[in-house]
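Visitor: This is input_1.cif (mmCIF, C-alpha atoms and all ligand atoms).
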```cif
data_coords
#
loop_
_atom_site.label_atom_id
_atom_site.label_comp_id
_atom_site.auth_asym_id
_atom_site.auth_seq_id
_atom_site.Cartn_x
_atom_site.Cartn_y
_atom_site.Cartn_z
CA MET A 1 0.00 0.00 0.00
CA ASP A 2 2.83 2.36 0.89
CA SER A 3 4.21 2.00 -2.59
CA ILE A 4 0.91 3.21 -4.03
CA LYS A 5 1.14 6.35 -1.95
CA ASN A 6 4.79 6.91 -2.89
CA ASN A 7 4.06 6.30 -6.55
CA ILE A 8 1.25 8.83 -6.56
CA GLU A 9 3.43 11.43 -4.84
CA ALA A 10 6.26 10.85 -7.31
CA ILE A 11 3.92 11.17 -10.31
CA LYS A 12 2.39 14.37 -8.93
CA LYS A 13 5.84 15.81 -8.33
CA GLU A 14 6.95 14.95 -11.84
CA ILE A 15 3.84 16.53 -13.34
CA GLU A 16 4.42 19.66 -11.28
CA GLY A 17 7.97 19.83 -12.64
CA ILE A 18 6.82 19.49 -16.25
CA CYS A 19 4.15 22.15 -15.74
CA LEU A 20 6.59 24.52 -14.10
CA LYS A 21 8.98 24.18 -17.05
CA SER A 22 6.29 24.71 -19.67
CA GLY A 23 4.19 27.39 -18.00
CA LYS A 24 1.18 25.17 -17.30
CA ASN A 25 -0.89 24.90 -14.15
CA PRO A 26 -0.63 21.41 -12.61
CA ASP A 27 -4.22 21.79 -11.39
CA ASP A 28 -5.31 21.69 -15.03
CA ILE A 29 -3.96 18.16 -15.45
CA THR A 30 -6.33 15.37 -14.42
CA ILE A 31 -4.69 12.11 -13.41
CA ILE A 32 -6.96 9.15 -14.09
CA ALA A 33 -5.86 6.17 -12.00
CA VAL A 34 -6.38 3.12 -14.20
CA THR A 35 -7.69 0.39 -11.92
CA LYS A 36 -8.09 -2.60 -14.25
CA THR A 37 -7.27 -5.86 -12.40
CA VAL A 38 -6.69 -3.87 -9.16
CA ASP A 39 -8.69 -5.08 -6.14
CA THR A 40 -11.09 -2.71 -4.43
CA ASP A 41 -9.08 -2.34 -1.20
CA ARG A 42 -6.13 -1.02 -3.14
CA ILE A 43 -8.38 1.18 -5.25
CA ASN A 44 -9.94 2.69 -2.14
CA TYR A 45 -6.48 3.30 -0.73
CA ALA A 46 -5.52 5.19 -3.89
CA VAL A 47 -8.73 7.21 -3.58
CA ASP A 48 -7.69 8.10 -0.01
CA CYS A 49 -4.39 9.26 -1.49
CA GLY A 50 -6.27 11.71 -3.68
CA MET A 51 -7.02 9.71 -6.83
CA THR A 52 -10.67 10.58 -7.39
CA ASN A 53 -10.78 9.90 -11.14
CA LEU A 54 -10.68 6.19 -11.95
CA GLY A 55 -10.39 4.53 -15.34
CA GLU A 56 -11.50 1.06 -16.46
CA ASN A 57 -11.45 -0.43 -19.92
CA LYS A 58 -14.14 -3.05 -19.28
CA VAL A 59 -17.81 -2.49 -18.50
CA GLN A 60 -17.89 -5.57 -16.26
CA GLU A 61 -15.09 -4.26 -14.04
CA ILE A 62 -16.89 -0.97 -13.49
CA MET A 63 -20.06 -2.89 -12.62
CA ASP A 64 -18.19 -5.11 -10.14
CA LYS A 65 -16.32 -2.25 -8.49
CA TYR A 66 -19.02 0.39 -8.50
CA GLU A 67 -20.54 -0.55 -5.13
CA PRO A 68 -17.42 -1.45 -3.09
CA VAL A 69 -15.41 1.56 -4.23
CA ASN A 70 -15.69 4.93 -2.51
CA LYS A 71 -18.64 6.86 -3.92
CA ASN A 72 -16.78 10.15 -4.21
CA VAL A 73 -15.06 9.08 -7.40
CA LYS A 74 -15.63 9.72 -11.07
CA TRP A 75 -15.42 6.69 -13.31
CA HIS A 76 -14.01 6.93 -16.81
CA LEU A 77 -14.66 4.29 -19.45
CA ILE A 78 -11.37 4.22 -21.36
CA GLY A 79 -11.64 0.96 -23.34
CA HIS A 80 -13.64 -0.20 -26.35
CA LEU A 81 -17.38 -0.07 -25.68
CA GLN A 82 -19.86 -2.38 -27.36
CA THR A 83 -23.21 -0.79 -28.15
CA ASN A 84 -25.13 -3.50 -26.29
CA LYS A 85 -23.31 -2.63 -23.05
CA VAL A 86 -23.93 1.11 -23.06
CA LYS A 87 -27.04 0.66 -20.94
CA TYR A 88 -25.05 -0.77 -18.01
CA ILE A 89 -22.72 2.18 -17.55
CA ILE A 90 -24.63 5.17 -18.89
CA ASP A 91 -25.54 6.39 -15.39
CA LYS A 92 -22.25 5.33 -13.77
CA VAL A 93 -19.48 6.95 -15.77
CA GLU A 94 -18.47 10.57 -15.89
CA LEU A 95 -16.81 10.46 -19.29
CA ILE A 96 -16.60 7.90 -22.10
CA HIS A 97 -13.17 8.22 -23.75
CA SER A 98 -13.64 5.63 -26.47
CA VAL A 99 -16.29 6.71 -28.97
CA ASP A 100 -15.18 5.21 -32.26
CA SER A 101 -18.31 4.70 -34.35
CA VAL A 102 -21.46 6.57 -35.28
CA LYS A 103 -23.52 3.62 -34.10
CA LEU A 104 -21.96 3.80 -30.64
CA ALA A 105 -22.46 7.56 -30.38
CA GLU A 106 -26.09 7.14 -31.37
CA GLU A 107 -26.66 4.45 -28.76
CA ILE A 108 -25.00 6.55 -26.02
CA SER A 109 -27.25 9.47 -26.93
CA LYS A 110 -30.34 7.24 -26.91
CA LYS A 111 -29.58 5.75 -23.52
CA ALA A 112 -28.62 9.16 -22.14
CA LEU A 113 -32.00 10.53 -23.20
CA LYS A 114 -33.71 7.60 -21.47
CA ASN A 115 -31.82 8.44 -18.26
CA ASN A 116 -32.42 12.16 -18.59
CA LEU A 117 -28.71 12.83 -19.07
CA ILE A 118 -26.36 14.62 -21.37
CA LYS A 119 -23.36 12.31 -21.63
CA GLU A 120 -19.89 13.74 -22.17
CA VAL A 121 -17.71 11.78 -24.58
CA LEU A 122 -14.29 11.85 -26.21
CA VAL A 123 -13.52 10.58 -29.67
CA GLN A 124 -10.82 7.91 -29.76
CA VAL A 125 -8.33 8.52 -32.52
CA ASN A 126 -5.97 5.87 -33.88
CA VAL A 127 -3.26 8.35 -34.78
CA ALA A 128 -0.64 5.71 -35.58
CA LYS A 129 -3.14 3.61 -37.58
CA GLU A 130 -2.26 0.48 -35.62
CA GLU A 131 -4.33 -2.50 -36.75
CA SER A 132 -4.64 -3.77 -33.20
CA LYS A 133 -6.22 -0.58 -31.91
CA PHE A 134 -9.64 0.98 -32.10
CA GLY A 135 -10.23 4.57 -33.12
CA ILE A 136 -11.01 6.93 -35.95
CA ASP A 137 -8.31 7.77 -38.50
CA ILE A 138 -6.99 11.24 -37.87
CA GLU A 139 -8.01 12.39 -41.37
CA GLU A 140 -11.61 11.45 -40.57
CA VAL A 141 -11.88 13.07 -37.16
CA ILE A 142 -13.44 16.38 -38.18
CA SER A 143 -16.18 14.87 -40.31
CA PHE A 144 -16.79 12.23 -37.62
CA VAL A 145 -17.16 14.86 -34.90
CA LYS A 146 -19.56 16.86 -37.08
CA THR A 147 -21.68 13.74 -37.62
CA ILE A 148 -21.94 12.61 -34.01
CA ALA A 149 -22.39 16.13 -32.64
CA ALA A 150 -25.86 15.97 -34.18
CA PHE A 151 -26.96 13.46 -31.52
CA GLU A 152 -28.69 15.58 -28.93
CA ASN A 153 -27.86 13.83 -25.67
CA ILE A 154 -24.11 13.67 -26.03
CA ARG A 155 -21.49 16.41 -25.83
CA VAL A 156 -18.17 15.93 -27.56
CA LYS A 157 -15.62 17.20 -25.04
CA GLY A 158 -12.37 16.27 -26.71
CA LEU A 159 -10.10 13.59 -28.12
CA MET A 160 -8.29 10.53 -26.80
CA THR A 161 -5.51 8.36 -28.16
CA ILE A 162 -3.38 5.42 -27.10
CA ALA A 163 0.12 5.84 -28.50
CA PRO A 164 2.05 2.77 -29.65
CA TYR A 165 4.27 1.39 -26.91
CA ASP A 166 7.87 2.49 -27.37
CA GLU A 167 10.72 1.93 -24.93
CA ASN A 168 11.79 5.46 -25.72
CA PRO A 169 8.64 7.56 -25.33
CA GLU A 170 10.36 10.43 -27.10
CA ASN A 171 9.58 8.48 -30.28
CA VAL A 172 5.83 8.91 -29.82
CA ARG A 173 5.99 12.68 -29.37
CA PRO A 174 4.87 13.27 -33.01
CA ILE A 175 1.74 11.18 -32.35
CA PHE A 176 0.75 13.39 -29.43
CA ARG A 177 1.60 16.51 -31.38
CA GLN A 178 -0.63 15.50 -34.30
CA LEU A 179 -3.57 14.90 -31.99
CA ARG A 180 -3.02 18.21 -30.24
CA GLN A 181 -3.11 19.99 -33.61
CA LYS A 182 -6.39 18.28 -34.51
CA PHE A 183 -7.77 19.22 -31.08
CA ASP A 184 -6.87 22.89 -31.62
CA GLU A 185 -8.34 22.84 -35.11
CA LEU A 186 -11.63 21.44 -33.78
CA ALA A 187 -11.67 23.95 -30.94
CA GLN A 188 -11.46 26.80 -33.44
CA MET A 189 -14.27 25.38 -35.51
CA ASN A 190 -16.76 25.70 -32.66
CA ILE A 191 -19.01 22.93 -33.92
CA PRO A 192 -22.39 23.04 -32.11
CA ASN A 193 -22.67 20.49 -29.27
CA THR A 194 -18.90 20.26 -28.98
CA ASP A 195 -16.58 21.84 -26.45
CA MET A 196 -12.93 20.89 -26.86
CA LYS A 197 -11.95 20.69 -23.23
CA TYR A 198 -10.15 17.39 -22.69
CA LEU A 199 -7.17 15.92 -24.47
CA SER A 200 -6.75 12.42 -23.04
CA MET A 201 -3.33 11.05 -23.91
CA GLY A 202 -0.37 9.60 -22.05
CA MET A 203 -0.01 6.42 -19.97
CA SER A 204 2.60 5.19 -17.46
CA ASN A 205 5.34 5.02 -20.06
CA ASP A 206 4.75 8.28 -21.88
CA TYR A 207 2.64 10.68 -19.80
CA ALA A 208 5.46 13.19 -19.38
CA ILE A 209 5.82 13.61 -23.14
CA ALA A 210 2.03 13.71 -23.57
CA ILE A 211 1.70 16.56 -21.07
CA GLU A 212 4.48 18.48 -22.77
CA GLU A 213 2.49 18.14 -25.98
CA GLY A 214 -0.73 19.38 -24.42
CA ALA A 215 -2.50 16.46 -22.72
CA ASN A 216 -4.70 17.52 -19.81
CA MET A 217 -5.90 14.02 -18.94
CA VAL A 218 -3.39 11.24 -18.39
CA ARG A 219 -4.40 7.62 -17.78
CA ILE A 220 -1.95 5.94 -15.42
CA GLY A 221 -2.13 2.34 -14.19
CA THR A 222 1.17 0.53 -13.79
CA ALA A 223 3.09 3.52 -12.47
CA ILE A 224 0.58 3.78 -9.60
CA PHE A 225 -0.38 0.17 -8.82
CA GLY A 226 2.58 -1.78 -10.18
CA LYS A 227 2.49 -4.51 -12.81
CA ARG A 228 -0.96 -5.94 -13.54
CA ASN A 229 -1.69 -9.58 -12.79
CA TYR A 230 -4.28 -10.78 -15.30
CA ASN A 231 -4.50 -14.38 -14.01
CA LYS A 232 -5.97 -13.80 -10.61
C1 LIG B 301 -4.47 0.03 -19.31
C2 LIG B 301 -4.72 1.34 -19.94
C3 LIG B 301 -4.03 2.49 -19.52
C4 LIG B 301 -2.96 2.48 -18.44
O1 LIG B 301 -1.82 1.80 -18.86
P1 LIG B 301 -0.47 1.82 -17.97
O2 LIG B 301 0.60 1.57 -18.97
O3 LIG B 301 -0.61 0.73 -16.99
O4 LIG B 301 -0.38 3.14 -17.33
C5 LIG B 301 -4.33 3.69 -20.14
N1 LIG B 301 -5.25 3.77 -21.12
C6 LIG B 301 -5.94 2.70 -21.54
C7 LIG B 301 -6.96 2.87 -22.61
C8 LIG B 301 -5.71 1.45 -20.97
O5 LIG B 301 -6.40 0.39 -21.40
#
```
As structure tokens, how would this structure be written, given the file I've shared?
Ligand SMILES: *Cc1c(COP(=O)(O)O)cnc(C)c1O
Guide:
Amino acid sequence: MDSIKNNIEAIKKEIEGICLKSGKNPDDITIIAVTKTVDTDRINYAVDCGMTNLGENKVQEIMDKYEPVNKNVKWHLIGHLQTNKVKYIIDKVELIHSVDSVKLAEEISKKALKNNLIKEVLVQVNVAKEESKFGIDIEEVISFVKTIAAFENIRVKGLMTIAPYDENPENVRPIFRQLRQKFDELAQMNIPNTDMKYLSMGMSNDYAIAIEEGANMVRIGTAIFGKRNYNK
């Protein structure tokens, strides 16, 4: 448990350092603690250490953890979302980071209407065009955002990407930079029902570079909780 606390303090300190160097306010950076495979005692300990934004990539894990985890948290759905599972999490998550099809956006809007909600979403962009990853091609992002912004019960609040893993995160800087440019372009366009507020990029390996390139949401798992054990 102590290591969780130390890890969080070290990450916060590093983010403060990056912000200081680049004239940003550390309070503008949201750390999302990625809790996949982490048990609820350890999650609650991280919440006590100040991690109030939690990220999961599976609907089932949010469902399982929703009750036992401290209620003062905001859940973020950061992984691929199937349309038939939207109904389970629509009233549980603060932000859906992984909108990658018109069909999914339409279903989120439908279920949001049913629950009397306006649901905030990010568009996932596959900047590096990796076959193994979900997301919209960067060339298609503007037309995609225009299309889904027409659905009344969602608000497009920004963009998200998962950079390819690279031992030297400096190598993925251009990926982050491209997404930042698209984000700025969209912000200037002022498309109705959109508000470019969140740029979700950077994970344990590359969050420092992502913040330098303009990320204001970083999704950090391993660097907080240690290596994941998937065979529990
Ligand atoms: C697992 C995951 C993360 C966190 O990865 P770490 O390398 O453990 O920090 C971030 N984003 C998404 C979408 C993930 O699935």
Visitor: Neighbouring residues of ligand LIG 301 (chain B) are defined here as those with any atom at most 7 Å from a ligand atom, counting all atoms listed in the file; list them as an mmCIF file with C-alpha atoms, keeping the file's coordinate frame.
Guide:
```
data_model
loop_
_atom_site.group_PDB
_atom_site.id
_atom_site.type_symbol
_atom_site.label_atom_id
_atom_site.label_comp_id
_atom_site.auth_asym_id
_atom_site.auth_seq_id
_atom_site.Cartn_x
_atom_site.Cartn_y
_atom_site.Cartn_z
ATOM 1 C CA VAL A 34 -6.380 3.120 -14.200
ATOM 2 C CA LYS A 36 -8.090 -2.600 -14.250
ATOM 3 C CA ASN A 57 -11.450 -0.430 -19.920
ATOM 4 C CA ILE A 78 -11.370 4.220 -21.360
ATOM 5 C CA GLY A 79 -11.640 0.960 -23.340
ATOM 6 C CA ILE A 162 -3.380 5.420 -27.100
ATOM 7 C CA MET A 203 -0.010 6.420 -19.970
ATOM 8 C CA SER A 204 2.600 5.190 -17.460
ATOM 9 C CA ASN A 205 5.340 5.020 -20.060
ATOM 10 C CA ARG A 219 -4.400 7.620 -17.780
ATOM 11 C CA ILE A 220 -1.950 5.940 -15.420
ATOM 12 C CA GLY A 221 -2.130 2.340 -14.190
ATOM 13 C CA THR A 222 1.170 0.530 -13.790
ATOM 14 C CA ALA A 223 3.090 3.520 -12.470
#
```
Visitor: For atom CA of Leu117 of chain A and atom CA of Thr52 of chain A, determine how far apart the two atoms are, in Å to one decimal place.
Guide: 21.6 Å
Visitor: Distance atom CA of Glu131 of chain A-atom CA of His80 of chain A, one decimal place?
Guide: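 That distance, rounded to one decimal, is 14.1 Å.
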Visitor: Would you mind listing what lies within 7 Å of Ile118 of chain A as a ChimeraX atom specification, with all atoms listed in the file counted and same-chain residues fewer than 2 positions away left out?
Guide: /A:112,120,153-155
Visitor: For Tyr230 of chain A, which of A:Glu213, A:Glu140, A:Asp39, A:Asp91 is the closest residue, counting all atoms listed in the file?
Guide: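 Going through A:Glu213, A:Glu140, A:Asp39, A:Asp91 one by one, the smallest distance to Tyr230 of chain A is for A:Asp39.
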Visitor: In Å to one decimal, how far is atom CA of Glu9 of chain A from atom CA of Lys65 of chain A?
Guide: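 Pair atom CA of Lys65 of chain A / atom CA of Glu9 of chain A returns 24.3 Å.
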Visitor: Out of A:Met1, A:Thr35, A:Lys87, A:Ser22, which residue has the shortest atom-to-atom distance to Asp48 of chain A when counting all atoms listed in the file?
Guide: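 With all atoms listed in the file as the atom set, the closest residue is A:Met1.
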Visitor: Near segment 226-228 of chain A, within 10 Å and counting all atoms listed in the file, which residues show up once chain neighbours fewer than 6 positions away are dropped, as a ChimeraX atom specification?
Guide: /A:3-4,7,35-38
Visitor: As a PDB file with C-alpha atoms, in the coordinates of the input, please: the residues near Glu152 of chain A (cut-off 9 Å, only C-alpha atoms, same-chain neighbours under 4 positions excluded).
Guide:
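Output saved as result-v9.pdb:
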```
ATOM      1  CA  SER A 109     -27.250   9.470 -26.930  1.00  0.00           C
ATOM      2  CA  LYS A 110     -30.340   7.240 -26.910  1.00  0.00           C
ATOM      3  CA  LEU A 113     -32.000  10.530 -23.200  1.00  0.00           C
ATOM      4  CA  ILE A 118     -26.360  14.620 -21.370  1.00  0.00           C
ATOM      5  CA  ILE A 148     -21.940  12.610 -34.010  1.00  0.00           C
ATOM      6  CA  ASN A 193     -22.670  20.490 -29.270  1.00  0.00           C
TER       7      ASN A 193
END
```
Visitor: List as a ChimeraX atom specification the protein and nucleic acid residues near Ile89 of chain A, meaning an atom at most 12 Å away when all atoms listed in the file are counted, but skip any in the same chain fewer than 5 places from it.
Guide: /A:56-66,75-77,81-84,94-96,108,111-112,115,119
